$ cat model00.cif   # mmCIF, C-alpha atoms
data_start
loop_
_atom_site.label_atom_id
_atom_site.label_comp_id
_atom_site.auth_asym_id
_atom_site.auth_seq_id
_atom_site.Cartn_x
_atom_site.Cartn_y
_atom_site.Cartn_z
CA MET A 131 115.49 11.11 263.84
CA THR A 132 112.56 8.77 264.40
CA ASP A 133 110.49 8.31 261.27
CA ALA A 134 111.19 5.74 258.55
CA SER A 135 111.69 8.32 255.79
CA ALA A 136 114.31 10.15 257.78
CA VAL A 137 116.05 6.89 258.53
CA GLY A 138 116.01 6.00 254.83
CA GLU A 139 117.54 9.32 253.84
CA ASP A 140 120.29 8.78 256.40
CA ALA A 141 121.04 5.17 255.37
CA ARG A 142 124.32 6.02 253.62
CA ARG A 143 125.75 8.03 256.48
CA VAL A 144 129.24 6.98 257.55
CA LEU A 145 129.67 5.61 261.05
CA PHE A 146 132.71 5.47 263.34
CA PRO A 147 134.41 8.68 262.13
CA GLY A 148 138.19 8.65 262.57
CA HIS A 149 138.34 4.84 262.79
CA THR A 150 140.09 2.72 260.18
CA GLN A 151 139.41 -0.58 261.96
CA ILE A 152 136.70 -1.75 264.35
CA ARG A 153 135.69 -4.97 266.09
CA VAL A 154 132.36 -6.69 265.45
CA ARG A 155 130.79 -9.30 267.69
CA GLY A 156 127.53 -11.21 267.17
CA LEU A 157 125.69 -12.95 270.02
CA ASN A 158 122.47 -14.89 270.23
CA ILE A 159 121.06 -13.86 273.59
CA GLY A 160 117.63 -15.49 273.47
CA GLY A 161 114.85 -17.06 271.48
CA ARG A 162 113.27 -13.77 270.43
CA ILE A 163 113.67 -10.00 270.85
CA ASP A 164 110.46 -7.97 270.97
CA LEU A 165 111.58 -5.21 268.61
CA ARG A 166 108.26 -3.37 268.89
CA THR A 167 108.97 -2.44 272.49
CA VAL A 168 112.66 -1.62 272.10
CA GLU A 169 113.61 2.07 272.37
CA THR A 170 112.48 3.87 269.20
CA THR A 171 113.63 7.45 269.73
CA HIS A 172 117.31 6.84 269.00
CA ARG A 173 117.17 4.43 266.10
CA LEU A 174 119.83 4.99 263.46
CA ALA A 175 118.09 2.73 260.94
CA VAL A 176 115.38 0.11 260.55
CA ALA A 177 115.16 -3.24 258.70
CA PRO A 178 117.23 -4.31 260.56
CA ILE A 179 117.08 -1.97 263.55
CA VAL A 180 120.32 -0.16 264.43
CA LEU A 181 120.72 1.51 267.83
CA PRO A 182 123.61 3.48 269.36
CA ALA A 183 125.62 1.35 271.79
CA GLY A 184 128.52 2.19 274.03
CA ALA A 185 130.46 5.40 273.70
CA ASN A 186 130.96 5.35 269.92
CA GLY A 187 129.49 2.08 268.63
CA CYS A 188 126.17 0.69 267.53
CA ALA A 189 124.11 -2.49 267.79
CA VAL A 190 122.02 -4.21 265.14
CA LEU A 191 119.06 -6.18 266.53
CA PHE A 192 117.26 -9.15 264.97
CA ARG A 193 113.92 -10.48 266.15
CA TYR A 194 115.23 -14.06 266.34
CA GLY A 195 117.32 -13.18 269.38
CA VAL A 196 120.63 -12.02 267.90
CA VAL A 197 122.52 -8.79 268.62
CA VAL A 198 125.50 -7.71 266.50
CA LEU A 199 127.72 -5.10 268.18
CA PHE A 200 130.05 -2.77 266.27
CA ASP A 201 132.92 -0.98 268.04
CA VAL A 202 131.55 -1.77 271.50
CA GLU A 203 133.97 -2.41 274.36
CA PRO A 204 133.43 -5.56 276.52
CA ILE A 205 132.26 -3.57 279.55
CA GLU A 206 129.88 -1.58 277.34
CA GLU A 207 128.64 -4.83 275.79
CA GLY A 208 127.61 -6.19 279.19
CA SER A 209 125.73 -3.01 280.04
CA PHE A 210 123.91 -2.92 276.70
CA ILE A 211 122.85 -6.59 276.92
CA SER A 212 121.60 -6.06 280.48
CA HIS A 213 119.40 -3.16 279.36
CA LEU A 214 118.10 -5.26 276.46
CA LYS A 215 117.17 -8.35 278.50
CA PRO A 216 113.66 -7.14 279.51
CA PHE A 217 112.74 -7.27 275.81
CA VAL A 218 114.18 -10.78 275.30
CA ASP A 219 112.05 -13.92 275.43
CA GLN A 220 113.75 -17.16 276.58
CA THR A 221 117.15 -15.75 277.51
CA TYR A 222 119.99 -18.20 276.88
CA PRO A 223 122.44 -18.88 279.73
CA GLN A 224 125.29 -19.20 277.22
CA SER A 225 125.47 -17.42 273.87
CA GLN A 226 126.95 -18.58 270.60
CA THR A 227 129.27 -15.85 269.31
CA GLU A 228 130.90 -14.79 266.06
CA GLU A 229 133.64 -12.16 265.75
CA LEU A 230 134.99 -10.19 262.83
CA VAL A 231 137.29 -7.24 262.26
CA LEU A 232 136.19 -4.52 259.84
CA ARG A 233 138.85 -2.45 258.09
CA VAL A 234 138.13 0.55 255.88
CA ALA A 235 140.05 1.07 252.63
CA PRO A 236 138.29 3.58 250.34
CA ASP A 237 140.21 2.48 247.24
CA GLY A 238 140.60 -1.18 248.21
CA THR A 239 138.78 -4.33 247.12
CA GLU A 240 135.92 -5.31 249.38
CA ASP A 241 136.66 -8.84 250.55
CA VAL A 242 137.14 -10.94 253.67
CA TYR A 243 140.35 -12.74 254.52
CA ASN A 244 141.55 -14.41 257.71
CA GLY A 245 138.83 -12.87 259.89
CA VAL A 246 139.25 -9.33 258.49
CA LEU A 247 136.64 -7.76 256.22
CA THR A 248 137.80 -4.84 254.09
CA LEU A 249 135.14 -2.28 253.22
CA GLN A 250 135.29 0.90 251.17
CA SER A 251 133.41 2.75 253.92
CA PHE A 252 131.65 2.21 257.23
CA ASP A 253 128.31 3.39 255.89
CA LEU A 254 125.13 2.37 257.65
CA GLN A 255 123.85 -0.05 255.04
CA ARG A 256 127.16 -1.91 254.81
CA VAL A 257 127.01 -2.27 258.59
CA GLN A 258 123.46 -3.66 258.35
CA MET A 259 124.48 -6.11 255.65
CA VAL A 260 127.49 -7.39 257.62
CA ALA A 261 125.26 -7.75 260.68
CA ASP A 262 122.73 -9.78 258.69
CA VAL A 263 125.33 -12.39 257.70
CA LEU A 264 126.93 -12.58 261.15
CA ALA A 265 123.50 -12.94 262.77
CA LYS A 266 122.61 -15.84 260.48
CA SER A 267 125.93 -17.52 261.23
CA VAL A 268 125.42 -17.17 264.98
CA VAL A 269 121.86 -18.50 264.98
CA LEU A 270 122.88 -21.43 262.75
CA ALA A 271 125.62 -22.26 265.26
CA HIS A 272 122.99 -22.26 268.01
CA TYR A 273 120.70 -24.61 266.09
CA GLU A 274 123.64 -26.82 265.10
CA ALA A 275 124.48 -27.24 268.80
CA ASP A 276 120.81 -27.98 269.58
CA ILE A 277 120.47 -30.62 266.90
CA ALA A 278 123.78 -32.23 267.95
CA SER A 279 122.42 -32.68 271.47
CA VAL A 280 119.21 -34.16 270.02
CA PHE A 281 121.30 -36.66 268.03
CA ASP A 282 123.12 -37.64 271.24
CA ARG A 283 119.81 -38.31 272.98
CA ILE A 284 118.10 -40.15 270.13
CA GLU A 285 121.08 -42.35 269.24
CA PRO A 286 120.53 -44.80 272.16
CA LEU A 287 116.92 -45.28 271.02
CA ALA A 288 118.05 -46.13 267.49
CA GLU A 289 120.73 -48.48 268.86
CA SER A 290 118.09 -50.22 270.96
CA LEU A 291 116.00 -50.75 267.84
CA SER A 292 119.00 -52.15 265.95
CA ARG A 293 120.24 -54.39 268.77
CA GLU A 294 116.99 -55.63 270.33
CA GLY A 295 114.52 -55.10 267.50
CA ARG A 296 112.27 -52.90 269.63
CA ALA A 297 111.84 -49.19 270.18
CA GLY A 298 111.63 -49.18 273.95
CA THR A 299 108.85 -47.49 275.92
CA ARG A 300 109.85 -43.80 275.93
CA GLY A 301 107.02 -42.41 273.81
CA ARG A 302 106.96 -39.04 275.55
CA GLU A 303 110.69 -38.60 274.95
CA LEU A 304 110.22 -39.40 271.27
CA LEU A 305 107.46 -36.80 271.03
CA ARG A 306 109.80 -34.22 272.61
CA HIS A 307 112.50 -34.95 270.02
CA LEU A 308 109.96 -34.69 267.22
CA GLY A 309 108.54 -31.45 268.62
CA GLY A 310 112.03 -29.98 269.10
CA SER A 311 113.03 -30.60 265.49
CA LEU A 312 109.75 -29.15 264.22
CA LEU A 313 110.27 -26.05 266.40
CA ILE A 314 113.76 -25.48 264.97
CA GLN A 315 112.41 -25.82 261.41
CA HIS A 316 109.64 -23.35 262.20
CA ARG A 317 112.03 -20.78 263.65
CA MET A 318 114.50 -21.11 260.77
CA VAL A 319 111.78 -20.49 258.18
CA TRP A 320 109.61 -17.95 259.96
CA ARG A 321 111.94 -15.96 262.20
CA VAL A 322 115.42 -16.28 260.76
CA GLU A 323 114.69 -16.65 257.02
CA VAL A 324 118.21 -17.98 256.53
CA ALA A 325 117.80 -18.44 252.79
CA GLU A 326 116.47 -14.90 252.25
CA LYS A 327 118.69 -12.01 251.13
CA SER A 328 119.36 -9.00 253.31
CA GLU A 329 116.74 -6.27 252.89
CA VAL A 330 119.57 -3.79 252.36
CA LEU A 331 120.21 -5.25 248.89
CA TRP A 332 116.86 -3.95 247.63
CA ASP A 333 118.23 -0.40 247.94
CA ARG A 334 121.90 -1.21 247.34
CA PRO A 335 122.17 -3.89 244.61
CA GLU A 336 125.84 -2.97 244.12
CA LEU A 337 126.54 -4.63 247.48
CA GLU A 338 125.23 -7.99 246.32
CA ARG A 339 128.67 -9.33 245.35
CA LEU A 340 130.06 -8.49 248.79
CA TYR A 341 127.00 -10.06 250.43
CA ALA A 342 127.47 -13.27 248.41
CA ARG A 343 131.15 -13.33 249.39
CA LEU A 344 130.26 -13.08 253.08
CA MET A 345 127.60 -15.78 252.78
CA ASP A 346 130.23 -18.06 251.21
CA GLU A 347 132.82 -17.17 253.86
CA TYR A 348 130.50 -18.34 256.64
CA ASP A 349 129.03 -21.24 254.59
CA ILE A 350 125.53 -20.00 255.39
CA ARG A 351 123.70 -21.84 252.61
CA ASP A 352 125.64 -25.11 253.00
CA ARG A 353 125.16 -25.08 256.78
CA HIS A 354 121.48 -24.33 256.32
CA LEU A 355 121.05 -27.29 253.95
CA ALA A 356 123.05 -29.58 256.24
CA LEU A 357 120.92 -28.54 259.21
CA GLU A 358 117.73 -29.19 257.25
CA ARG A 359 118.97 -32.69 256.38
CA LYS A 360 119.79 -33.39 260.02
CA LEU A 361 116.38 -32.12 261.11
CA ALA A 362 114.72 -34.37 258.54
CA LEU A 363 116.74 -37.34 259.82
CA VAL A 364 115.82 -36.64 263.45
CA SER A 365 112.15 -36.20 262.54
CA GLY A 366 112.15 -39.38 260.45
CA THR A 367 113.90 -41.39 263.18
CA ALA A 368 111.55 -40.15 265.89
CA GLU A 369 108.49 -40.81 263.73
CA THR A 370 109.68 -44.36 262.90
CA LEU A 371 110.37 -45.20 266.54
CA LEU A 372 107.06 -43.67 267.59
CA ASP A 373 105.17 -45.70 264.96
CA LEU A 374 106.86 -48.90 266.15
CA LEU A 375 106.03 -48.04 269.73
CA GLN A 376 102.39 -47.38 268.87
CA GLN A 377 102.21 -50.65 266.90
CA ARG A 378 103.65 -52.49 269.87
CA ARG A 379 101.09 -50.94 272.18
CA SER A 380 98.28 -51.71 269.74
CA LEU A 381 99.41 -55.34 269.57
CA ARG A 382 99.51 -55.49 273.35
CA VAL A 383 95.95 -54.14 273.56
CA GLU A 384 94.81 -56.75 271.03
CA TRP A 385 96.34 -59.50 273.15
CA TYR A 386 94.57 -58.11 276.22
CA ILE A 387 91.28 -58.22 274.33
CA VAL A 388 91.90 -61.82 273.20
CA LEU A 389 92.79 -62.78 276.77
CA LEU A 390 89.60 -61.19 278.11
CA ILE A 391 87.52 -63.04 275.50
CA VAL A 392 89.19 -66.35 276.44
CA VAL A 393 88.56 -65.68 280.14
CA GLU A 394 84.94 -64.82 279.43
CA ILE A 395 84.47 -68.03 277.44
CA LEU A 396 86.04 -70.09 280.23
CA LEU A 397 83.80 -68.45 282.81
CA THR A 398 80.74 -69.12 280.63
CA LEU A 399 81.74 -72.77 280.22
CA TYR A 400 82.37 -73.05 283.93
CA ALA A 401 78.92 -71.61 284.68
CA MET A 402 77.26 -74.02 282.22
CA PHE A 403 79.14 -76.92 283.76
CA GLN A 404 78.01 -75.92 287.24
CA GLN A 405 74.39 -75.70 286.12
CA GLY A 406 74.59 -79.12 284.43
#
$ encode --input "model00.cif" --output "structure tokens"
Amino acid sequence: MTDASAVGEDARRVLFPGHTQIRVRGLNIGGRIDLRTVETTHRLAVAPIVLPAGANGCAVLFRYGVVVLFDVEPIEEGSFISHLKPFVDQTYPQSQTEELVLRVAPDGTEDVYNGVLTLQSFDLQRVQMVADVLAKSVVLAHYEADIASVFDRIEPLAESLSREGRAGTRGRELLRHLGGSLLIQHRMVWRVEVAEKSEVLWDRPELERLYARLMDEYDIRDRHLALERKLALVSGTAETLLDLLQQRRSLRVEWYIVLLIVVEILLTLYAMFQQG
């Protein structure tokens, strides 16, 4: 089944027949997955893309470098990721991960408790929705780790400003910090769209309550806002230090110019004295 209409008609199909409980694992494997070149002939769904994985499981792929695996054994996971790597840009040496257990209870209440999510069925669109939230949580964890390391590197510069009243001379390093924070902001808005709802909800509005519950469980919105505040702080700090550094350099250039003028005047006076 390869065309979008066929995939849409099959969106409510039930996966993992005979299973009442499965394991889910999300990993961010790189900066970006080129979904246009990934295998298209065996897609179970699109938006987001779902592919068969392992003996009985499936994988949901996101362009911002996250893979969410459902009912895939560890040895199968390694094989699947290895086959996917040629389509991954900027592969990460170590992945942030998020794990969850899905349990099916046709007459139960859909909710998550203590790492177990109860669903009324393992239908394809519920799987996509769960993958969307886990993927956002994983990529936020990656950016949170990135921004924490930036804070560790920029803190000595701020301490130098507080203690010595000067920003130091590491302008290139400041520009890297500023560029790094801007890059994270760009990726969060353009690639990840953390604040946007899952596309599945357009077709299945009855799943919106469950989606909101999952977003709350993983604190997606609060973590997103906290990360934005940290990015703003890093950008503001880097910009302030860079401005001070540029002012210091400008002042130094002005003193050089004054010194050259003084030297020129002295040389002129010396020449006039010699002639007299």
$ closest_residue --input "model00.cif" --among "A:Val257, A:Leu230, A:Leu357, A:Ala185" --to "A:Val144" --atoms "only C-alpha atoms"
A:Val257
$ residues_around --input "model00.cif" --residues "stretch 162-169 of chain A" --least-positions-apart "5" --cutoff "9 Å" --atoms "all atoms listed in the file" --output "PyMOL selection string"
chain A and resi 179+181+191-196+214-215+217-221+321
$ resolve_selection --input "model00.cif" --expression "the PyMOL selection byres ((chain A and resi 342) around 12)" --output "list in words"
Glu240, Asp241, Val242, Met259, Val260, Asp262, Val263, Ala325, Glu326, Lys327, Ser328, Leu331, Pro335, Glu336, Leu337, Glu338, Arg339, Leu340, Tyr341, Arg343, Leu344, Met345, Asp346, Glu347, Tyr348, Asp349, Ile350 and Arg351 of chain A
$ write_last_selection --input "model00.cif" --atoms "C-alpha atoms" --output "JSON list (two decimals), in the coordinates of the input"
[["chain", "number", "residue", "atom", "x", "y", "z"],
["A", 240, "GLU", "CA", 135.92, -5.31, 249.38],
["A", 241, "ASP", "CA", 136.66, -8.84, 250.55],
["A", 242, "VAL", "CA", 137.14, -10.94, 253.67],
["A", 259, "MET", "CA", 124.48, -6.11, 255.65],
["A", 260, "VAL", "CA", 127.49, -7.39, 257.62],
["A", 262, "ASP", "CA", 122.73, -9.78, 258.69],
["A", 263, "VAL", "CA", 125.33, -12.39, 257.70],
["A", 325, "ALA", "CA", 117.80, -18.44, 252.79],
["A", 326, "GLU", "CA", 116.47, -14.90, 252.25],
["A", 327, "LYS", "CA", 118.69, -12.01, 251.13],
["A", 328, "SER", "CA", 119.36, -9.00, 253.31],
["A", 331, "LEU", "CA", 120.21, -5.25, 248.89],
["A", 335, "PRO", "CA", 122.17, -3.89, 244.61],
["A", 336, "GLU", "CA", 125.84, -2.97, 244.12],
["A", 337, "LEU", "CA", 126.54, -4.63, 247.48],
["A", 338, "GLU", "CA", 125.23, -7.99, 246.32],
["A", 339, "ARG", "CA", 128.67, -9.33, 245.35],
["A", 340, "LEU", "CA", 130.06, -8.49, 248.79],
["A", 341, "TYR", "CA", 127.00, -10.06, 250.43],
["A", 343, "ARG", "CA", 131.15, -13.33, 249.39],
["A", 344, "LEU", "CA", 130.26, -13.08, 253.08],
["A", 345, "MET", "CA", 127.60, -15.78, 252.78],
["A", 346, "ASP", "CA", 130.23, -18.06, 251.21],
["A", 347, "GLU", "CA", 132.82, -17.17, 253.86],
["A", 348, "TYR", "CA", 130.50, -18.34, 256.64],
["A", 349, "ASP", "CA", 129.03, -21.24, 254.59],
["A", 350, "ILE", "CA", 125.53, -20.00, 255.39],
["A", 351, "ARG", "CA", 123.70, -21.84, 252.61]]
$ closest_residue --input "model00.cif" --among "A:Val154, A:Ala175, A:Ala401, A:Leu270" --to "A:Gly245" --atoms "all atoms listed in the file"
A:Val154
$ resolve_selection --input "model00.cif" --expression "the PyMOL selection byres ((chain A and resi 237) around 10)" --output "PyMOL selection string"
chain A and resi 234-236+238-240+249-251
$ closest_residue --input "model00.cif" --among "A:Leu247, A:Ala261, A:Val383, A:Ile395" --to "A:Pro178" --atoms "all atoms listed in the file"
A:Ala261
